[in-house]
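A.B. asks: To start, I am sharing the structure in question, which I have written as structure tokens.
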Amino acid sequence: MSPAPPETSRIFWKCQRCTACCRWPGDVKVNEQEIRGIADFLELDVDTFIQRHTRLRTDRAGLSLIEKPNGECDFLEGNDCVINPVKPQQCRDFPNKWNFPGWRQVCDAIPVPVENEGL
């Protein structure tokens, strides 16, 4: 039996805006630059934004966006992100650079093969 051929492609998950990731409870980390950008977008000063829309992360290493009592993101309205143009990098990176256990059971992202460069 010969060895398996080397992997020639990887998968890029194309978001379908199903908002399942926005409904999953947990920390949505925000840094200073993201806080300023979101505050400006919402026409709030930074201190007001921090007081109204963030909390201390569970690891106490920074701030996270707050959640609604049901666990979904405070900025989710129906199936729309009200801060989509300035959403945190963590949101932009899902599910390609991070995801959570069982995400494929709730997320509608479509797998798209991407050829590896240099092969």
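Just remember, in the structure tokens the first chain shown is A, the second B, etc., residues are 1-based per chain, and ligands are 1-based in the order shown.
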Could you list, as a list in words, every residue within 10 Å of Cys21 (chain A), counting only C-alpha atoms and ignoring same-chain residues fewer than 2 positions away?
C.D. replies: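 Near Cys21 (chain A), the qualifying residues are Arg17, Cys18, Thr19, Arg23, Trp24, Pro25, Gly26, Glu72, Cys73, Cys91, Phe94, Pro95, Asn99, Phe100, Trp103, Val106, Cys107 and Asp108 of chain A.
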A.B. asks: Just list as a PyMOL selection string whatever in chain A DSSP marks as helix (DSSP H, G or I).
C.D. replies: chain A and resi 21-23+32-41+46-53+84-86+89-93+103-106
A.B. asks: Quick one: distance from CA of Ala61 (chain A) to CA of Arg104 (chain A) in Å, one decimal?
C.D. replies: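 Value for the CA of Ala61 (chain A)-CA of Arg104 (chain A) distance: 28.4 Å.
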